[in-house]
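Report on the following structure.
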Amino acid sequence: MNAQLFLSQDGSQPMYRQIVERITTKVATREWVAGTALPSIRELAAANSVSVITVKRAYLELELAKVIVTQHGKGSFVGPSTDLPRQLMYGELRGYVAAALRCAAKLELSINDLKSMLDDQAAESRDETQQGNTE
Amino acid sequence: MTNAFRLTNVSKRYEHFAMEKINLCLPEGEIMGLIGVNGAGKSTLLRILAGLSLADSGEVQVLGLQLPADQVEIKRQIGLASEDMRLYGSQTLRWHMDFMAKVYGSWDEAYATKLLRRFDLNENQPVASFSHGQRVKGLLLLNFARRPRLLLLDEPTTGLDPVARAEVLDALSDVLLDGARSVLFSSHNAHDIERLADTITFIHGGRLIANLDTESYLSAWRRVLGHGTLADEVTDWPEVAQVRRSGATTEITFKSYGIALNERLAAQGFEIDAIYPMSLEEIFITTIRGAAQQ
Amino acid sequence: MKTQIELNVPVIRLLIAKDWKLFEKQLAAYVAAGIVALVLLGMAKKWTFYLGSLMLIVVLVAAACFAISSSLINERKQQTLAFVMSLPVSPLDFFLAKLLGNLATFGVPYLFLTLGTVAVILTTPIPDGLLVLSLLVLGHILLAYCISLSIAMAVESEGWNVFTMIGSMVLINPLIAAVNQMPSVANSLQGDIVVWSAWTVAILFAQVTLSLAVLVVTGWVHCRKKAFY
């Protein structure tokens with residue numbers, strides 16, 4: 001198994017998040033199937049030139065999201081999860097929210113402005129659905 | 001867990017510089033980055049750990065052994081590379097490699113050959129004709145190929161071109177594979193340290209300003225831009241590192257940001273426009289400026 | 001603190017071999033020049049004698065200064081000292097390595113040329129009476145060398161080091177003048193009998209003991225230093 005994840009260095013995303021996303025993708029695309037042994041924390045750290053603590057944090061997060069399971073003394077394995085697409089999309093949504101925040105900052109909009117925009121948009125979509133239903 | 005090193009109340013005074021009561025510890029298997037401006041005391045700290053300089057007071061423990069009493073055994077197990085350390089100009093790198101192989105039983109010739117290729121060095125060239133970058137890489141090779149349990153690297157990337165710097169950082173990450181090996185490396189450039197270091201220590205004027213793991217810095221610090229009324233006492237909040245104003249916009253830098261702060265700011269009549277994460281470089285600069293103003 | 005003295009002998013030996021290797025070529029040149037000087041001396045003509053003795057002194061002084069510069073002063077100046085001190089050595093190991101290394105790099109040409117001088121004086125037509133004066137001059141060079149070596153080890157300032165080296169070596173002149181005033185030396189200088197007086201023996205004895213004492217004191221001081229780079 002190759003531990004090289006080709007992490008980006010532009011600083012737009014924390015290293016541990018990148019690791020979480022790359023591994024989630026590998027699992028979602030079945031490159032790494034359920035039960036596959038993951039590289040050890042130190043192997044992954046060395047192959048990507050990131051600190052051990054960063055990889056530990058990523059593995060912990062992957063464990064909490066049930067993407068991987070860690071067996072004490074044996075290492076980590078791809079979990080038997082069936083819910084991966086949802087996990088993936090959740091991560092994608094977080095990206096969109098972050099992008100919306102950045103855009104709002106450029107427009108000098110406050111968080112509250114953004115929230116009301118979100119409410120408006122939600123109301124609009126609701127109306128559209130209702131109209132669709134009446135037709 | 002054992003420690004790679006432990007400094008207890010270590011002081012060292014020079015005519016124009018003093019390092020007072022330093023307490024610092026590196027657990028085995030970890031990489032620590034030491035960031036400070038020139039003259040902050042990085043080299044002094046490393047020299048004390050390497051046994052090249054004696055502390056005036058305090059206790060210095062390296063790999064569970066005592067300095068200076070056990071210095072020979074300690075020096076056998078650590079590797080020091082610093083900017084002000086030179087090789088013998090009239091001799092080739094090969095001669096130095098053979099010398100190291102004779103001194104240290106742990107010398108790994110196969111790994112040395114691999115590093116020669118990776119660092120793009122000619123072993124039969126006299127060291128005097130090396131460029132600065134080649135000299136640095138040569139010295140690092142001599143240390144890396146011995147696989148010491150603790151590597152002390154004083155500014156290993158300073159003055160290197162980007163390609164050489166990437167090579168050095170890659171070679172350094174080989175150390176990560178072995179859980180019994182530790183590294184302390186100093187730099188005035190936070191960028192080099194950010195990725196590899198488990199913990200980062202800021203040093204300034206001979207004092208330790210902060211010592212945390214990298215992710216903690218990055219998740220604790222935030223830059224908040226906004227407008228509205230803001231009492232001057234905000235500067236004294238323990239969470240605040242710096243407040244700057246420009247026209248209607250105010251920038252607040254938090255060293256321990258939490259979501260609850262949004263409400264406290266709102267209660268003041270301050271409206272948040274944006275919240276930004278910060279790079280380690282920005283955190284370092286803000287910290288040092290804050291320390292300098294005190 | 002350990003009270004027992006443990007020496008890292010293998011590394012000491014390597015350091016001596018290293019200093020020898022760095023000195024090798026120059027060493028050969030000094031010995032060659034010394035041989036030329038001895039041949040000139042042995043030809044026993046007035047002009048070759050003066051030229052040879054002058055050359056002999058110059059070669060010995062140069063070898064002394066070069067040995068000290070290359071093993072100590074340059075090591076500090078070219079920042080290779082930190083490299084050496086980062087090797088598994090204690091300050092005592094370092095001191096002994098430098099001392100023994102210097103005894104080799106300077107000692108070899110010194111002993112060779114001293115024995116050569118004695119042999120030339122005793123076997124060629126040169127008056128044998130010259131032996132006492134020659135040995136006192138050689139004794140002085142040894143003492144001056146030991147003092148310069150000590151200063152180089154203890155003092156970082158290059159100015160003081162150069163001053164000590166030149167100063168102590170130049171004192172050869174007044175020594176020769178003073179010894180020549182002594183009746184026992186002056187009277188036997190042209191003769192073929194070697195005459196030792198109480199004074200000349202005492203001077204030679206003092207030169208050798210002082211040389212040793214200086215080295216011991218330097219070792220003691222060196223082991224109490226606080227910085228080694």
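Labels for the structure tokens follow display order: chains A, B, ..., residues from 1 in each chain, ligands from 1.
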Next item on the list: Return as a PyMOL selection string the residues belonging to chain A that are within 8 Å of chain B, counting only C-alpha atoms.
Entry: chain A and resi 11+15+42-43+45-47+49-54+101-102+104-105+108-111
Checklist line | Residues within 7 Å of stretch 69-80 of chain A, only C-alpha atoms, excluding chain neighbours under 2 positions, as a PyMOL selection string | finding: chain A and resi 33-38+40+63+66-67+82
Restricted to C-alpha atoms, what would the selected residues look like written as a compact mmCIF listing (two decimals), in the first residue's frame?
```txt
# COMPACT_ATOMS: atom_id res chain seq x y z
CA VAL A 33 -11.67 -1.77 0.53
CA ALA A 34 -13.09 -2.73 3.90
CA GLY A 35 -10.56 -4.56 6.04
CA THR A 36 -7.49 -3.16 4.23
CA ALA A 37 -4.65 -2.31 6.64
CA LEU A 38 -3.75 1.37 6.62
CA SER A 40 1.17 2.95 10.18
CA GLU A 63 -12.02 6.73 13.50
CA LYS A 66 -16.14 5.34 11.39
CA VAL A 67 -14.15 5.37 8.15
CA THR A 82 -21.75 1.78 4.47
```
Check: atom CA of C:Val108 to atom CA of C:Met165: how many Å, to one decimal?
Finding: 19.5 Å
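Residues of chain B having any atom within 7 Å of chain C, counting only C-alpha atoms, are B:Ala50, B:Leu52, B:Ser53, B:Leu54, B:Ala69, B:Gln71, B:Val72, B:Glu73, B:Lys75, B:Arg76, B:Leu80, B:Asp84, B:Met85, B:Arg86, B:Leu87, B:Tyr88, B:Val103.
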Write a file of the just-selected residues containing N, CA and C atoms, as a PDB file, in the first residue's frame.
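This went into selection.pdb:
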```pdb
ATOM      1  N   ALA B  50      24.165  19.832  23.286  1.00  0.00           N
ATOM      2  CA  ALA B  50      25.172  19.007  22.613  1.00  0.00           C
ATOM      3  C   ALA B  50      26.432  18.842  23.456  1.00  0.00           C
ATOM      4  N   LEU B  52      28.571  21.192  24.097  1.00  0.00           N
ATOM      5  CA  LEU B  52      29.656  22.072  23.629  1.00  0.00           C
ATOM      6  C   LEU B  52      29.784  23.291  24.516  1.00  0.00           C
ATOM      7  N   SER B  53      28.766  23.531  25.316  1.00  0.00           N
ATOM      8  CA  SER B  53      28.774  24.699  26.176  1.00  0.00           C
ATOM      9  C   SER B  53      28.155  24.273  27.502  1.00  0.00           C
ATOM     10  N   LEU B  54      28.765  24.712  28.599  1.00  0.00           N
ATOM     11  CA  LEU B  54      28.298  24.292  29.913  1.00  0.00           C
ATOM     12  C   LEU B  54      27.302  25.303  30.467  1.00  0.00           C
ATOM     13  N   ALA B  69      28.535  15.105  32.983  1.00  0.00           N
ATOM     14  CA  ALA B  69      29.181  13.874  33.453  1.00  0.00           C
ATOM     15  C   ALA B  69      29.238  12.779  32.376  1.00  0.00           C
ATOM     16  N   GLN B  71      29.005  13.055  29.086  1.00  0.00           N
ATOM     17  CA  GLN B  71      29.035  13.689  27.762  1.00  0.00           C
ATOM     18  C   GLN B  71      29.537  12.781  26.644  1.00  0.00           C
ATOM     19  N   VAL B  72      30.472  11.903  26.941  1.00  0.00           N
ATOM     20  CA  VAL B  72      31.014  11.065  25.867  1.00  0.00           C
ATOM     21  C   VAL B  72      29.936  10.116  25.338  1.00  0.00           C
ATOM     22  N   GLU B  73      29.204   9.471  26.282  1.00  0.00           N
ATOM     23  CA  GLU B  73      28.143   8.556  25.881  1.00  0.00           C
ATOM     24  C   GLU B  73      27.022   9.316  25.167  1.00  0.00           C
ATOM     25  N   LYS B  75      27.304  12.196  23.474  1.00  0.00           N
ATOM     26  CA  LYS B  75      27.763  12.623  22.153  1.00  0.00           C
ATOM     27  C   LYS B  75      27.779  11.460  21.162  1.00  0.00           C
ATOM     28  N   ARG B  76      27.974  10.245  21.672  1.00  0.00           N
ATOM     29  CA  ARG B  76      27.981   9.083  20.799  1.00  0.00           C
ATOM     30  C   ARG B  76      26.588   8.847  20.196  1.00  0.00           C
ATOM     31  N   LEU B  80      24.930  16.585  15.960  1.00  0.00           N
ATOM     32  CA  LEU B  80      24.767  18.035  15.948  1.00  0.00           C
ATOM     33  C   LEU B  80      25.245  18.589  14.619  1.00  0.00           C
ATOM     34  N   ASP B  84      27.655  27.179  12.284  1.00  0.00           N
ATOM     35  CA  ASP B  84      29.042  27.595  12.518  1.00  0.00           C
ATOM     36  C   ASP B  84      29.973  26.392  12.668  1.00  0.00           C
ATOM     37  N   MET B  85      29.541  25.231  12.160  1.00  0.00           N
ATOM     38  CA  MET B  85      30.386  24.057  12.228  1.00  0.00           C
ATOM     39  C   MET B  85      30.896  23.728  10.838  1.00  0.00           C
ATOM     40  N   ARG B  86      32.219  23.675  10.672  1.00  0.00           N
ATOM     41  CA  ARG B  86      32.783  23.429   9.344  1.00  0.00           C
ATOM     42  C   ARG B  86      33.518  22.107   9.303  1.00  0.00           C
ATOM     43  N   LEU B  87      33.681  21.613   8.076  1.00  0.00           N
ATOM     44  CA  LEU B  87      34.457  20.396   7.868  1.00  0.00           C
ATOM     45  C   LEU B  87      35.872  20.794   7.430  1.00  0.00           C
ATOM     46  N   TYR B  88      36.752  19.790   7.267  1.00  0.00           N
ATOM     47  CA  TYR B  88      38.123  20.085   6.866  1.00  0.00           C
ATOM     48  C   TYR B  88      38.193  20.333   5.362  1.00  0.00           C
ATOM     49  N   VAL B 103      34.572   6.415  13.796  1.00  0.00           N
ATOM     50  CA  VAL B 103      34.240   6.921  15.136  1.00  0.00           C
ATOM     51  C   VAL B 103      32.948   6.283  15.652  1.00  0.00           C
TER      52      VAL B 103
END
```
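For B:Ser57, the residues within 10 Å (counting only C-alpha atoms, excluding itself and residues fewer than 3 positions away along the chain) are Thr8, Asn9, Val10, Ser11, Lys12, Arg13, Glu20, Lys21, Leu54 and Val60 of chain B.
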Next item on the list: List the neighbours of stretch 113-115 of chain B out to 10 Å using only C-alpha atoms; skip same-chain residues closer than 2 positions along the sequence, and give me the result as a PyMOL selection string.
Entry: chain B and resi 108-111+117-121+123+137-138+140-142+144-145+167-168+171
Go ahead and write the residues just picked, C-alpha atoms, as a PDB file, in the first residue's frame.
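In the end it all went to selection.pdb:
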```pdb
ATOM      1  CA  ASP B 108      25.138   3.090   7.838  1.00  0.00           C
ATOM      2  CA  GLU B 109      27.140   3.126   4.587  1.00  0.00           C
ATOM      3  CA  ALA B 110      24.192   2.030   2.425  1.00  0.00           C
ATOM      4  CA  TYR B 111      22.073   4.888   3.744  1.00  0.00           C
ATOM      5  CA  ARG B 117      22.582  10.608  -4.502  1.00  0.00           C
ATOM      6  CA  ARG B 118      19.571  12.314  -2.973  1.00  0.00           C
ATOM      7  CA  PHE B 119      21.612  15.369  -1.966  1.00  0.00           C
ATOM      8  CA  ASP B 120      23.427  15.345  -5.303  1.00  0.00           C
ATOM      9  CA  LEU B 121      26.877  15.487  -3.695  1.00  0.00           C
ATOM     10  CA  GLU B 123      32.035  12.413  -2.419  1.00  0.00           C
ATOM     11  CA  LYS B 137      24.024  18.996   2.977  1.00  0.00           C
ATOM     12  CA  GLY B 138      27.408  17.298   3.504  1.00  0.00           C
ATOM     13  CA  LEU B 140      23.723  16.747   7.457  1.00  0.00           C
ATOM     14  CA  LEU B 141      24.669  13.590   5.537  1.00  0.00           C
ATOM     15  CA  LEU B 142      27.468  12.875   8.022  1.00  0.00           C
ATOM     16  CA  PHE B 144      21.949  11.433   9.241  1.00  0.00           C
ATOM     17  CA  ALA B 145      23.925   8.364   8.113  1.00  0.00           C
ATOM     18  CA  GLU B 167      15.596  17.459  -0.115  1.00  0.00           C
ATOM     19  CA  VAL B 168      16.738  18.159   3.428  1.00  0.00           C
ATOM     20  CA  ALA B 171      15.557  13.263   4.382  1.00  0.00           C
TER      21      ALA B 171
END
```
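Proximity ranking of B:Ala4, B:Leu93, B:Met100, B:Ala112 relative to B:Phe130 places B:Leu93 first, based on only C-alpha atoms.
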Next item on the list: Find the residues around stretch 117-122 of chain C up to 7 Å (only C-alpha atoms counted), leave out those fewer than 3 positions away in its own chain, and share them as a PyMOL selection string.
Entry: chain C and resi 38+42+113-114+126-128+131
Create the file for the chosen residues now, containing N, CA and C atoms and written as a JSON list (two decimals), in the first residue's frame.
```json
[["chain", "number", "residue", "atom", "x", "y", "z"],
["C", 38, "LEU", "N", 71.37, 20.43, 8.00],
["C", 38, "LEU", "CA", 72.38, 19.60, 8.67],
["C", 38, "LEU", "C", 73.59, 19.33, 7.77],
["C", 42, "GLY", "N", 77.35, 20.31, 8.48],
["C", 42, "GLY", "CA", 78.38, 19.28, 8.51],
["C", 42, "GLY", "C", 79.56, 19.58, 7.59],
["C", 113, "LEU", "N", 65.73, 16.24, 14.05],
["C", 113, "LEU", "CA", 66.75, 17.27, 13.82],
["C", 113, "LEU", "C", 67.67, 17.42, 15.03],
["C", 114, "THR", "N", 67.14, 17.18, 16.24],
["C", 114, "THR", "CA", 68.00, 17.25, 17.43],
["C", 114, "THR", "C", 69.06, 16.14, 17.37],
["C", 126, "ILE", "N", 83.39, 19.89, 12.92],
["C", 126, "ILE", "CA", 82.93, 21.00, 13.76],
["C", 126, "ILE", "C", 83.37, 20.73, 15.19],
["C", 127, "PRO", "N", 83.80, 21.79, 15.92],
["C", 127, "PRO", "CA", 84.23, 21.57, 17.31],
["C", 127, "PRO", "C", 83.11, 20.94, 18.15],
["C", 128, "ASP", "N", 83.40, 19.86, 18.88],
["C", 128, "ASP", "CA", 82.41, 19.18, 19.70],
["C", 128, "ASP", "C", 81.91, 20.07, 20.84],
["C", 131, "LEU", "N", 78.32, 21.53, 21.34],
["C", 131, "LEU", "CA", 77.16, 20.71, 21.71],
["C", 131, "LEU", "C", 76.32, 21.35, 22.80]]
```
